[in-house]
file entry09.txt (compact mmCIF, C-alpha atoms)
# COMPACT_ATOMS: atom_id res chain seq x y z
CA MET P 1 0.00 0.00 0.00
CA ALA P 2 1.44 3.39 -0.93
CA PRO P 3 2.21 5.72 1.96
CA ALA P 4 -0.23 8.54 2.55
CA ALA P 5 0.86 11.98 1.44
CA SER P 6 2.07 14.26 4.20
CA PRO P 7 0.13 17.46 4.96
CA SER P 8 2.93 19.57 3.46
CA GLU P 9 2.76 17.58 0.19
CA ARG P 10 -1.01 17.93 0.07
CA ASP P 11 -0.68 21.69 0.52
CA ARG P 12 1.63 21.89 -2.48
CA GLU P 13 -0.82 20.07 -4.74
CA ARG P 14 -2.70 22.37 -7.11
CA VAL P 15 -6.44 22.24 -6.86
CA GLY P 16 -8.06 22.18 -10.29
CA PRO P 17 -6.47 22.74 -13.70
CA HIS P 18 -3.53 25.07 -14.31
CA PRO P 19 -4.88 28.59 -14.95
CA SER P 20 -2.58 28.92 -18.01
CA TYR P 21 -0.06 31.57 -18.96
CA ILE P 22 -1.07 34.72 -20.82
CA GLU P 23 1.31 36.31 -23.31
CA VAL P 24 0.28 39.93 -23.94
CA ALA P 25 1.14 41.31 -27.38
CA LYS P 26 3.58 44.22 -27.48
CA PRO P 27 2.97 46.39 -30.56
CA TYR P 28 5.78 48.72 -29.47
CA ILE P 29 9.08 47.61 -27.91
CA LEU P 30 11.35 50.36 -26.62
CA GLN P 31 15.13 50.26 -26.48
CA ALA P 32 15.38 49.18 -22.85
CA ARG P 33 13.39 46.01 -23.47
CA ILE P 34 15.28 45.32 -26.70
CA GLN P 35 18.60 45.48 -24.86
CA LYS P 36 17.22 43.31 -22.05
CA CYS P 37 16.09 40.64 -24.53
CA LEU P 38 19.48 40.66 -26.28
CA SER P 39 21.27 40.34 -22.93
CA ASP P 40 19.05 37.42 -21.90
CA ILE P 41 20.01 35.44 -25.01
CA SER P 42 23.71 36.46 -24.66
CA MET P 43 23.82 38.24 -28.01
CA THR P 44 26.87 40.45 -28.48
CA ASP P 45 26.64 43.81 -30.26
CA ALA P 46 28.86 42.72 -33.17
CA LYS P 47 26.98 39.46 -33.68
CA GLU P 48 23.60 41.17 -33.44
CA ASP P 49 24.53 43.82 -36.00
CA ALA P 50 25.80 41.20 -38.46
CA VAL P 51 22.74 38.94 -38.16
CA ARG P 52 20.33 41.88 -38.36
CA LEU P 53 21.89 43.43 -41.46
CA GLN P 54 22.34 40.11 -43.27
CA GLY P 55 18.78 38.98 -42.56
CA VAL P 56 17.13 42.23 -43.66
CA ALA P 57 19.28 42.34 -46.82
CA TRP P 58 18.24 38.73 -47.57
CA ILE P 59 14.56 39.61 -47.21
CA ASP P 60 14.93 42.72 -49.39
CA GLN P 61 16.74 40.89 -52.19
CA VAL P 62 14.29 38.01 -52.33
CA ARG P 63 11.18 40.17 -52.14
CA ARG P 64 12.51 42.25 -55.06
CA ALA P 65 13.15 39.07 -57.05
CA LEU P 66 9.58 37.93 -56.35
CA GLN P 67 8.23 41.44 -57.01
CA LEU P 68 6.50 41.64 -53.64
CA PRO P 69 5.12 44.98 -52.42
CA ILE P 70 6.84 47.08 -49.77
CA ARG P 71 4.22 46.22 -47.14
CA THR P 72 5.29 42.57 -47.27
CA PHE P 73 8.88 43.66 -46.70
CA ASN P 74 7.84 45.76 -43.69
CA THR P 75 5.92 42.92 -42.07
CA ALA P 76 8.64 40.35 -42.75
CA VAL P 77 11.36 42.48 -41.14
CA ILE P 78 9.21 43.14 -38.05
CA TYR P 79 8.67 39.40 -37.59
CA TYR P 80 12.36 38.75 -38.15
CA HIS P 81 13.35 41.28 -35.46
CA LYS P 82 10.85 39.96 -32.91
CA PHE P 83 11.92 36.37 -33.55
CA ARG P 84 15.57 37.18 -32.88
CA LEU P 85 14.73 38.90 -29.58
CA LEU P 86 13.44 35.62 -28.14
CA HIS P 87 15.65 32.95 -29.71
CA PRO P 88 19.45 32.71 -29.35
CA ASP P 89 21.41 32.63 -32.58
CA HIS P 90 22.65 29.06 -31.96
CA GLU P 91 19.07 27.75 -32.24
CA TYR P 92 18.58 28.74 -35.88
CA ASN P 93 20.31 29.87 -39.04
CA TRP P 94 19.74 33.53 -39.81
CA ALA P 95 18.93 32.78 -43.49
CA ASP P 96 16.27 30.24 -42.45
CA ALA P 97 14.77 32.79 -40.05
CA ALA P 98 14.69 35.43 -42.80
CA ALA P 99 12.99 33.00 -45.20
CA ALA P 100 10.43 32.01 -42.57
CA ALA P 101 9.70 35.67 -41.79
CA LEU P 102 9.12 36.42 -45.47
CA PHE P 103 6.98 33.30 -45.85
CA THR P 104 4.83 34.33 -42.87
CA ALA P 105 4.54 37.92 -44.11
CA CYS P 106 3.34 36.74 -47.51
CA LYS P 107 0.40 35.01 -45.83
CA ILE P 108 -0.42 37.95 -43.57
CA GLU P 109 -0.30 40.53 -46.38
CA ASP P 110 -2.19 38.28 -48.81
CA THR P 111 0.73 38.12 -51.25
CA LEU P 112 0.91 34.36 -51.14
CA LYS P 113 4.15 32.61 -52.04
CA LYS P 114 5.10 29.01 -51.33
CA SER P 115 8.14 28.32 -49.21
CA LYS P 116 9.75 26.56 -52.18
CA GLU P 117 9.23 29.66 -54.34
CA ILE P 118 11.03 31.81 -51.77
CA LEU P 119 13.95 29.38 -51.53
CA CYS P 120 14.10 29.05 -55.29
CA ALA P 121 14.17 32.82 -55.78
CA HIS P 122 17.14 33.10 -53.41
CA TRP P 123 18.93 30.24 -55.16
CA ASN P 124 18.49 31.84 -58.57
CA LEU P 125 19.97 35.10 -57.29
CA LYS P 126 23.26 33.30 -56.61
CA VAL P 127 23.66 31.49 -59.95
CA ALA P 128 23.91 32.54 -63.58
CA PRO P 129 20.66 33.11 -65.50
CA GLY P 130 21.05 29.88 -67.44
CA GLU P 131 21.55 27.81 -64.28
CA GLY P 132 18.33 28.79 -62.54
CA LEU P 133 16.03 26.16 -61.02
CA SER P 134 12.27 25.87 -60.71
CA SER P 135 10.44 25.78 -57.40
CA ASP P 136 9.54 22.10 -58.00
CA ASP P 137 13.16 21.00 -57.80
CA PRO P 138 13.55 18.22 -55.16
CA ARG P 139 16.55 19.92 -53.54
CA PHE P 140 14.14 22.44 -51.92
CA GLU P 141 11.93 19.75 -50.37
CA ASN P 142 13.60 19.30 -46.97
CA HIS P 143 14.53 22.95 -46.63
CA SER P 144 10.94 24.04 -47.25
CA LYS P 145 9.73 21.81 -44.41
CA LEU P 146 12.16 23.56 -42.08
CA ILE P 147 10.80 26.96 -43.14
CA ILE P 148 7.23 25.81 -42.50
CA GLY P 149 8.27 24.61 -39.05
CA LEU P 150 9.73 28.02 -38.22
CA GLU P 151 6.49 29.73 -39.22
CA ARG P 152 4.85 28.77 -35.92
CA LEU P 153 7.74 30.22 -33.94
CA MET P 154 7.46 33.44 -35.94
CA LEU P 155 3.81 33.80 -35.03
CA GLU P 156 4.46 33.00 -31.37
CA SER P 157 7.32 35.50 -31.20
CA ALA P 158 4.92 38.21 -32.39
CA SER P 159 2.19 36.94 -30.01
CA PHE P 160 -0.09 36.43 -33.02
CA ASP P 161 -0.36 40.20 -33.36
CA PHE P 162 -1.16 41.00 -37.00
CA ARG P 163 -1.27 44.77 -36.53
CA ASN P 164 1.49 46.17 -38.71
CA ARG P 165 2.73 49.62 -39.68
CA TYR P 166 3.44 50.96 -43.18
CA PRO P 167 5.20 54.36 -43.01
CA GLN P 168 5.73 54.60 -46.79
CA LYS P 169 2.06 55.31 -47.48
CA LEU P 170 2.02 58.48 -45.37
CA MET P 171 5.57 59.37 -46.35
CA VAL P 172 4.74 59.50 -50.07
CA LYS P 173 1.73 61.74 -49.45
CA LEU P 174 3.77 64.16 -47.33
CA ALA P 175 6.60 64.21 -49.87
CA ARG P 176 4.17 65.22 -52.61
CA ALA P 177 2.60 67.90 -50.42
CA LEU P 178 6.04 69.29 -49.55
CA LYS P 179 6.97 69.46 -53.26
CA PHE P 180 9.87 67.01 -53.05
CA ASP P 181 11.64 66.31 -56.34
CA ALA P 182 10.75 62.77 -57.41
CA ASN P 183 14.31 62.04 -58.59
CA ARG P 184 16.17 63.66 -55.69
CA GLU P 185 14.59 64.24 -52.27
CA ALA P 186 11.64 61.88 -52.77
CA LYS P 187 13.86 59.04 -54.00
CA THR P 188 16.23 59.53 -51.07
CA THR P 189 13.28 59.52 -48.66
CA TRP P 190 12.05 56.20 -50.06
CA ASN P 191 15.48 54.60 -49.74
CA LEU P 192 15.80 55.95 -46.22
CA SER P 193 12.54 54.24 -45.26
CA ILE P 194 13.96 50.92 -46.47
CA ASP P 195 17.25 51.45 -44.63
CA LEU P 196 15.25 52.32 -41.51
CA TYR P 197 14.12 48.70 -41.26
CA LYS P 198 17.75 47.68 -40.81
CA THR P 199 17.51 49.28 -37.37
CA PHE P 200 15.16 48.60 -34.47
CA ALA P 201 13.27 51.86 -35.05
CA PRO P 202 10.21 50.12 -36.62
CA LEU P 203 9.71 48.23 -33.35
CA LYS P 204 9.78 51.44 -31.34
CA GLN P 205 8.05 54.12 -33.39
CA SER P 206 4.71 54.78 -35.06
CA SER P 207 4.22 55.24 -38.80
CA PRO P 208 3.99 59.07 -38.69
CA THR P 209 7.18 59.28 -36.62
CA MET P 210 9.14 57.15 -39.09
CA ALA P 211 7.73 59.02 -42.09
CA ILE P 212 8.56 62.47 -40.67
CA ALA P 213 12.07 61.34 -39.66
CA CYS P 214 12.81 60.07 -43.18
CA LEU P 215 11.54 63.33 -44.70
CA GLU P 216 13.68 65.45 -42.38
CA LEU P 217 16.85 63.43 -42.95
CA ALA P 218 16.36 63.53 -46.71
CA ALA P 219 15.99 67.31 -46.53
CA ARG P 220 19.17 67.59 -44.45
CA LEU P 221 21.12 65.38 -46.85
CA HIS P 222 20.10 67.58 -49.79
CA GLY P 223 20.87 70.80 -47.95
CA LYS P 224 17.29 72.08 -47.76
CA ASP P 225 15.99 74.45 -45.09
CA THR P 226 14.85 72.21 -42.22
CA ALA P 227 12.59 74.86 -40.68
CA ARG P 228 9.75 73.59 -42.90
CA PHE P 229 10.16 70.02 -41.66
CA VAL P 230 10.61 70.45 -37.89
CA ASP P 231 7.23 70.73 -36.16
CA ALA P 232 5.81 73.13 -38.72
CA GLY P 233 3.11 73.15 -41.38
CA LEU P 234 2.09 69.73 -42.62
CA VAL P 235 4.49 67.93 -40.28
CA ARG P 236 3.32 69.57 -37.06
CA TYR P 237 3.96 66.92 -34.44
CA ASN P 238 0.75 67.20 -32.43
CA LYS P 239 -1.22 66.62 -35.63
CA TRP P 240 0.43 63.22 -36.06
CA ALA P 241 0.52 62.32 -32.35
CA THR P 242 4.31 62.32 -32.13
CA SER P 243 7.01 64.45 -30.51
CA ARG P 244 10.44 65.85 -31.23
CA ALA P 245 12.02 63.27 -28.90
CA GLU P 246 10.58 60.36 -30.91
CA VAL P 247 11.62 61.87 -34.23
CA MET P 248 15.07 62.63 -32.83
CA GLU P 249 15.52 59.05 -31.65
CA THR P 250 14.60 57.75 -35.12
CA LEU P 251 17.01 60.16 -36.81
CA LEU P 252 19.86 59.13 -34.54
CA ASP P 253 19.10 55.44 -35.12
CA LEU P 254 19.45 56.03 -38.85
CA LEU P 255 22.64 58.03 -38.42
CA ASP P 256 24.08 55.26 -36.21
CA LEU P 257 23.46 52.87 -39.10
CA TYR P 258 25.12 55.15 -41.65
CA THR P 259 28.05 55.89 -39.36
CA HIS P 260 28.97 52.28 -38.56
CA HIS P 261 27.54 50.27 -41.49
CA ARG P 262 27.42 52.72 -44.38
CA SER P 263 28.33 50.14 -47.04
CA ALA P 264 25.44 47.85 -46.03
CA THR P 265 22.78 50.49 -46.83
CA SER P 266 21.23 52.04 -49.92
CA VAL P 267 21.81 55.71 -49.08
CA GLY P 268 25.13 55.40 -47.22
CA PRO P 269 27.48 54.98 -50.21
CA LEU P 270 26.00 58.06 -51.91
CA TYR P 271 27.36 60.44 -49.26
CA THR P 272 30.60 60.82 -47.35
CA LEU P 273 31.00 59.78 -43.77
CA GLU P 274 31.75 63.38 -42.78
CA HIS P 275 28.38 64.46 -44.16
CA PHE P 276 26.54 62.09 -41.81
CA ILE P 277 28.75 63.04 -38.87
CA ASN P 278 28.08 66.76 -39.39
CA ILE P 279 24.32 66.14 -39.41
CA ARG P 280 24.64 64.06 -36.28
CA ILE P 281 26.64 66.73 -34.47
CA GLY P 282 23.89 69.26 -35.15
CA LEU P 283 21.20 66.90 -33.85
CA ASN P 284 23.27 66.09 -30.75
CA GLN P 285 23.59 69.78 -29.96
CA GLU P 286 19.85 70.25 -30.37
CA ALA P 287 19.14 67.27 -28.12
CA SER P 288 21.51 68.54 -25.44
CA ALA P 289 20.00 72.03 -25.53
CA ALA P 290 16.43 70.71 -25.27
CA ASN P 291 17.40 67.98 -22.75
CA ILE P 292 16.06 65.23 -25.04
CA PRO P 293 17.14 61.70 -23.95
CA ARG P 294 18.73 59.39 -26.49
CA TYR P 295 16.04 56.74 -26.04
CA ALA P 296 12.42 56.98 -24.94
CA LEU P 297 11.70 55.75 -21.42
CA TYR P 298 9.08 53.42 -20.06
CA ALA P 299 6.93 54.63 -17.19
CA SER P 300 8.81 52.29 -14.83
CA GLU P 301 12.19 53.85 -15.66
CA SER P 302 13.68 56.76 -13.76
CA ALA P 303 15.27 59.89 -15.13
CA SER P 304 18.69 58.74 -13.93
CA ASP P 305 18.55 55.86 -16.40
CA ALA P 306 18.14 58.33 -19.26
CA GLU P 307 21.01 60.50 -18.04
CA SER P 308 23.36 57.53 -18.07
CA THR P 309 22.57 56.89 -21.76
CA THR P 310 24.48 59.21 -24.06
CA ASN P 311 24.04 59.67 -27.78
CA GLY P 312 25.46 56.88 -29.89
CA ILE P 313 25.88 54.38 -27.04
CA LYS P 314 23.76 51.23 -26.85
CA PRO P 315 23.39 50.37 -23.15
CA ARG P 316 23.21 46.82 -21.85
CA ASN P 317 21.09 47.58 -18.82
CA GLY P 318 19.14 45.24 -16.63
CA ILE P 319 15.85 47.13 -16.78
CA ASP P 320 12.79 44.99 -17.25
CA PRO P 321 10.19 47.59 -18.19
CA THR P 322 6.61 47.14 -19.15
CA SER P 323 5.00 47.63 -22.50
CA PRO P 324 4.20 51.27 -23.31
CA LEU P 325 0.59 50.37 -24.00
CA THR P 326 0.35 48.07 -20.98
CA PRO P 327 1.69 50.03 -17.98
CA ALA P 328 2.78 47.97 -14.98
CA THR P 329 1.93 44.77 -16.82
CA PRO P 330 4.44 41.92 -17.04
CA ALA P 331 4.76 40.41 -20.48
CA THR P 332 3.72 37.00 -19.16
CA LEU P 333 0.86 36.67 -16.70
CA SER P 334 0.25 33.47 -14.79
CA PRO P 335 -2.86 33.68 -12.62
CA GLY P 336 -2.63 31.95 -9.29
CA THR P 337 1.15 31.77 -9.07
CA ASP P 338 3.95 34.21 -8.38
CA LEU P 339 6.61 32.28 -10.30
CA HIS P 340 6.07 32.88 -13.99
CA PRO P 341 8.66 32.24 -16.69
CA LYS P 342 10.58 34.99 -18.46
CA SER P 343 8.80 33.98 -21.64
CA ALA P 344 5.83 31.68 -21.63
CA ILE P 345 6.62 30.76 -25.22
CA GLY P 346 9.83 29.07 -24.11
CA ILE P 347 8.02 26.48 -21.96
CA ARG P 348 4.97 26.05 -24.14
CA GLY P 349 3.15 22.85 -23.26
CA GLN P 350 5.29 22.00 -20.22
CA ASN P 351 3.75 23.73 -17.21
CA GLY P 352 0.48 24.89 -18.69
CA THR P 353 -1.28 26.28 -21.72
CA VAL P 354 0.02 29.50 -23.30
CA ARG P 355 -2.68 31.91 -24.42
CA PHE P 356 -2.02 35.03 -26.47
CA MET P 357 -3.99 38.22 -25.92
CA LEU P 358 -3.97 41.65 -27.54
CA ASP P 359 -5.84 43.47 -24.76
CA ALA P 360 -3.71 43.91 -21.64
CA ALA P 361 -6.65 45.21 -19.59
CA ARG P 362 -8.57 42.02 -20.29
CA ALA P 363 -5.57 39.96 -19.19
CA HIS P 364 -5.42 41.92 -15.90
CA ASP P 365 -9.13 41.47 -15.25
CA GLU P 366 -8.92 37.75 -15.93
CA ARG P 367 -5.97 37.33 -13.62
CA ALA P 368 -7.74 39.22 -10.83
CA GLU P 369 -10.82 37.01 -11.23
CA VAL P 370 -8.84 33.75 -11.27
CA ASP P 371 -6.70 34.79 -8.29
CA LYS P 372 -9.81 34.76 -6.12
CA PHE P 373 -9.97 30.98 -6.46
CA HIS P 374 -6.27 30.44 -5.70
CA LYS P 375 -5.99 32.70 -2.67
CA VAL P 376 -5.04 30.83 0.51
CA GLU P 377 -7.12 32.08 3.45
CA GLU P 378 -6.22 31.15 7.01
CA GLU P 379 -8.12 31.82 10.24
CA GLU P 380 -6.72 31.74 13.78
CA TYR P 381 -8.74 30.61 16.80
CA GLU P 382 -7.90 30.90 20.50
CA VAL P 383 -9.26 28.09 22.68
CA GLU P 384 -9.10 28.23 26.48
CA VAL P 385 -8.34 24.86 28.12
CA PRO P 386 -9.36 24.55 31.83
CA ASN P 387 -6.65 23.46 34.29
CA ASP P 388 -7.62 20.14 35.97
CA SER P 389 -5.98 19.79 39.46
CA ARG P 390 -6.48 15.99 39.54
CA MET P 391 -4.32 15.58 36.43
CA ASP P 392 -1.52 17.51 38.17
CA ASP P 393 -1.65 15.16 41.20
CA ARG P 394 -1.38 12.08 38.97
CA GLU P 395 1.65 13.55 37.17
CA LYS P 396 3.37 14.11 40.54
CA GLU P 397 2.68 10.50 41.64
CA LYS P 398 4.21 9.17 38.40
CA GLY P 399 7.33 11.24 39.00
CA ARG P 400 7.82 9.85 42.54
CA VAL P 401 7.31 6.27 41.41
CA GLY P 402 9.89 6.61 38.67
CA ARG P 403 12.60 7.70 41.17
CA VAL P 404 12.20 4.65 43.47
CA ARG P 405 14.79 1.93 42.84
call {"tool": "encode", "arguments": {"input": "entry09.txt", "output": "C-alpha cells"}}
result
Amino acid sequence: MAPAASPSERDRERVGPHPSYIEVAKPYILQARIQKCLSDISMTDAKEDAVRLQGVAWIDQVRRALQLPIRTFNTAVIYYHKFRLLHPDHEYNWADAAAAALFTACKIEDTLKKSKEILCAHWNLKVAPGEGLSSDDPRFENHSKLIIGLERLMLESASFDFRNRYPQKLMVKLARALKFDANREAKTTWNLSIDLYKTFAPLKQSSPTMAIACLELAARLHGKDTARFVDAGLVRYNKWATSRAEVMETLLDLLDLYTHHRSATSVGPLYTLEHFINIRIGLNQEASAANIPRYALYASESASDAESTTNGIKPRNGIDPTSPLTPATPATLSPGTDLHPKSAIGIRGQNGTVRFMLDAARAHDERAEVDKFHKVEEEEYEVEVPNDSRMDDREKEKGRVGRVR
C-alpha cells in the first residue's frame, strides 16, 4: 500500500487545472526592453549587427526578385526582429529565419508565395541566369519543411499580433505635399525608409514618426531648409501624435546605421562619412540644448537611467520595463502563481497552456478574477483549556514512582 501523502505535500498540490499563462502582445518595444532581450540570449553587439543586417538584406533581395510589395517587406522584417529577440542565434540559421519571416509575411499581407518559391528565388539570385532552377526541384523539399516549421515560432514571437505599420504610405503623401523632387529628395526619402528597417526603429516608433524622420533626414542630406520640416506646417507633431524626442531618436538610429555600417545600406554609399557626422553633431547639440534623452523611457524607468545613456551608445542595462501600451503589466501573466517564466513561449506545453492576448486590460481582469480561487485564506482561533488539578496530582505520583529503585 502506498504511503499517505504528508500534509505539506497535500498543501503543495494544485487544486483544479492550471490557470494557463497569458502572453500579452507588445505592438511597441522600446530600447530598454530590446537590450534586455538581447542580454538574456547572450547576443553580443557585433553578432547582433551582423545577423540583423544580413537577414534584412536577404529579405529585401528576395522580395525584389519575387516582385512583392513594400508592405510585405515591412511585415517580414518586423517578424524577423521579434523572432531574434526571443531565440538565441545558436538555435537557428539567420537565413532560415529570414525565409520564414518572409513566408509568414506573404500570408499575412495576402501576397501568397510558397516556401519553395522563396527558396528558389534566393537560389536563382546566386547562380547565372542559365543555371536557374524551378520551385519544383527536389533539392528544396527538406529545406521548405524547415521553413514551414519556423512559421509557428514566428507567429508566437509576435504573439499572433497582425497589426502592422506601413510608413511609406504616409511618407509619399507628405513628400508630394512638400513638393519634393521625385528624382532627388523623394527618392532619397524612399530609400531611407527601407534602410530604416535595418535598425530597431520600426519596433519602437509609429508610422507618422518614421515618415517624418525620413523626410527630415532627406531634406538635411540635400541641404534644404529644415525649418519647414521640424514641427511646422504639414508635419506639425501634435497633428500626427508624435514628438520631437521620438523623431530625434529615429534620426539618430538612422545616423548610427550610416556611421557604422554605411556600405550595407542604400543611401550610405551616396554620401561621405563626414556628411553624416556633421548632421549628427547638429542633432546632438539640439538634443543637449532641449534635454532630449537618447532613447524613450518606459513609465517604470527613472530619469537617472536616461542621463546615463548618451548619444550613440547602446546600453546593456538590466531594466525589465513594461509595455508602453500596458503600464505595470508583465509580459507574461500566470494567474494563481507568483513564479512565472521569463517567456511563456519558451516552456509552451510543459507547465500549462500558453494563451495570447492583444488586450492587456482584459488579461489583468482575468488574472484578478482567477486569483480569487487560488488565494489561501487562514483563520486563527484561540481556545481556552481549563486546568484540571487531579491531572496535576497524577503527574506528581508518576514522577515519585519513577525515582524509586
call {"tool": "atom_distance", "arguments": {"input": "entry09.txt", "atom1": "CA of Ala245 (chain P)", "atom2": "CA of Leu283 (chain P)"}}
result
11.0 Å
call {"tool": "residues_around", "arguments": {"input": "entry09.txt", "residues": "Ala264 (chain P)", "least_positions_apart": "2", "cutoff": "10 Å", "atoms": "all atoms listed in the file", "output": "list of chain:residue names"}}
result
P:Leu53, P:Gln54, P:Ala57, P:Asp195, P:Lys198, P:Leu257, P:Tyr258, P:His260, P:His261, P:Arg262, P:Ser266, P:Val267, P:Gly268, P:Pro269
call {"tool": "axis_aligned_box", "arguments": {"input": "entry09.txt", "around": "region 183-195 of chain P", "padding_each_side": "5 Å", "output": "JSON"}}
result
{"center_x": 14.4, "center_y": 57.6, "center_z": -51.6, "size_x": 15.6, "size_y": 23.3, "size_z": 24.0}
call {"tool": "residues_around", "arguments": {"input": "entry09.txt", "residues": "Thr75 (chain P)", "least_positions_apart": "4", "cutoff": "9 Å", "atoms": "all atoms listed in the file", "output": "ChimeraX atom specification"}}
result
/P:70-71,79-80,101-102,104-106,108-109,162,164-166
call {"tool": "atom_distance", "arguments": {"input": "entry09.txt", "atom1": "CA of Arg362 (chain P)", "atom2": "CA of Ile29 (chain P)"}}
result
20.0 Å
call {"tool": "atom_distance", "arguments": {"input": "entry09.txt", "atom1": "CA of Leu150 (chain P)", "atom2": "CA of Gln67 (chain P)"}}
result
23.1 Å
call {"tool": "residues_near_point", "arguments": {"input": "entry09.txt", "point": "(17.0, 63.1, -56.4)", "cutoff": "12 Å", "atoms": "all atoms listed in the file", "output": "MDAnalysis selection string"}}
result
chainID P and resid 180:191 218:219 221:222 267 270
call {"tool": "closest_residue", "arguments": {"input": "entry09.txt", "among": "P:Gln61, P:Ser193, P:Asn142, P:Asn238", "to": "Asn124 (chain P)", "atoms": "all atoms listed in the file"}}
result
P:Gln61
call {"tool": "closest_residue", "arguments": {"input": "entry09.txt", "among": "P:Lys107, P:Arg220, P:Arg244, P:Lys169", "to": "Tyr271 (chain P)", "atoms": "only C-alpha atoms"}}
result
P:Arg220
call {"tool": "build_atoms", "arguments": {"input": "entry09.txt", "residues": "region 204-211 of chain P", "atoms": "all heavy atoms", "output": "PDB file, in the frame of the given file"}}
result
ATOM      1  N   LYS P 204       9.952  50.444 -32.390  1.00  0.00           N
ATOM      2  CA  LYS P 204       9.780  51.440 -31.340  1.00  0.00           C
ATOM      3  C   LYS P 204       8.855  52.582 -31.704  1.00  0.00           C
ATOM      4  O   LYS P 204       8.277  53.213 -30.817  1.00  0.00           O
ATOM      5  CB  LYS P 204      11.161  52.023 -30.968  1.00  0.00           C
ATOM      6  CG  LYS P 204      12.167  50.999 -30.483  1.00  0.00           C
ATOM      7  CD  LYS P 204      13.476  51.644 -30.074  1.00  0.00           C
ATOM      8  CE  LYS P 204      14.255  52.167 -31.253  1.00  0.00           C
ATOM      9  NZ  LYS P 204      15.574  52.705 -30.863  1.00  0.00           N
ATOM     10  N   GLN P 205       8.717  52.889 -32.980  1.00  0.00           N
ATOM     11  CA  GLN P 205       8.050  54.120 -33.390  1.00  0.00           C
ATOM     12  C   GLN P 205       6.787  53.840 -34.210  1.00  0.00           C
ATOM     13  O   GLN P 205       6.631  52.771 -34.796  1.00  0.00           O
ATOM     14  CB  GLN P 205       9.004  54.993 -34.208  1.00  0.00           C
ATOM     15  CG  GLN P 205      10.347  55.246 -33.553  1.00  0.00           C
ATOM     16  CD  GLN P 205      10.234  55.988 -32.239  1.00  0.00           C
ATOM     17  OE1 GLN P 205       9.202  56.550 -31.919  1.00  0.00           O
ATOM     18  NE2 GLN P 205      11.320  56.005 -31.470  1.00  0.00           N
ATOM     19  N   SER P 206       5.929  54.856 -34.268  1.00  0.00           N
ATOM     20  CA  SER P 206       4.710  54.780 -35.060  1.00  0.00           C
ATOM     21  C   SER P 206       4.999  55.153 -36.515  1.00  0.00           C
ATOM     22  O   SER P 206       6.076  55.682 -36.836  1.00  0.00           O
ATOM     23  CB  SER P 206       3.648  55.708 -34.477  1.00  0.00           C
ATOM     24  OG  SER P 206       4.099  57.057 -34.527  1.00  0.00           O
ATOM     25  N   SER P 207       4.031  54.927 -37.376  1.00  0.00           N
ATOM     26  CA  SER P 207       4.220  55.240 -38.800  1.00  0.00           C
ATOM     27  C   SER P 207       4.461  56.727 -39.053  1.00  0.00           C
ATOM     28  O   SER P 207       5.372  57.079 -39.818  1.00  0.00           O
ATOM     29  CB  SER P 207       3.004  54.756 -39.596  1.00  0.00           C
ATOM     30  OG  SER P 207       2.927  53.346 -39.573  1.00  0.00           O
ATOM     31  N   PRO P 208       3.690  57.654 -38.452  1.00  0.00           N
ATOM     32  CA  PRO P 208       3.990  59.070 -38.690  1.00  0.00           C
ATOM     33  C   PRO P 208       5.384  59.480 -38.233  1.00  0.00           C
ATOM     34  O   PRO P 208       6.044  60.289 -38.899  1.00  0.00           O
ATOM     35  CB  PRO P 208       2.898  59.792 -37.888  1.00  0.00           C
ATOM     36  CG  PRO P 208       1.788  58.813 -37.786  1.00  0.00           C
ATOM     37  CD  PRO P 208       2.451  57.482 -37.679  1.00  0.00           C
ATOM     38  N   THR P 209       5.838  58.936 -37.116  1.00  0.00           N
ATOM     39  CA  THR P 209       7.180  59.280 -36.620  1.00  0.00           C
ATOM     40  C   THR P 209       8.246  58.847 -37.619  1.00  0.00           C
ATOM     41  O   THR P 209       9.166  59.623 -37.938  1.00  0.00           O
ATOM     42  CB  THR P 209       7.422  58.611 -35.260  1.00  0.00           C
ATOM     43  OG1 THR P 209       6.427  59.045 -34.332  1.00  0.00           O
ATOM     44  CG2 THR P 209       8.801  58.976 -34.727  1.00  0.00           C
ATOM     45  N   MET P 210       8.143  57.628 -38.131  1.00  0.00           N
ATOM     46  CA  MET P 210       9.140  57.150 -39.090  1.00  0.00           C
ATOM     47  C   MET P 210       9.071  57.938 -40.397  1.00  0.00           C
ATOM     48  O   MET P 210      10.108  58.263 -40.992  1.00  0.00           O
ATOM     49  CB  MET P 210       8.919  55.652 -39.351  1.00  0.00           C
ATOM     50  CG  MET P 210       9.234  54.766 -38.163  1.00  0.00           C
ATOM     51  SD  MET P 210       9.161  53.004 -38.542  1.00  0.00           S
ATOM     52  CE  MET P 210       7.399  52.738 -38.559  1.00  0.00           C
ATOM     53  N   ALA P 211       7.868  58.268 -40.850  1.00  0.00           N
ATOM     54  CA  ALA P 211       7.730  59.020 -42.090  1.00  0.00           C
ATOM     55  C   ALA P 211       8.325  60.415 -41.966  1.00  0.00           C
ATOM     56  O   ALA P 211       9.071  60.873 -42.848  1.00  0.00           O
ATOM     57  CB  ALA P 211       6.250  59.107 -42.475  1.00  0.00           C
TER      58      ALA P 211
END
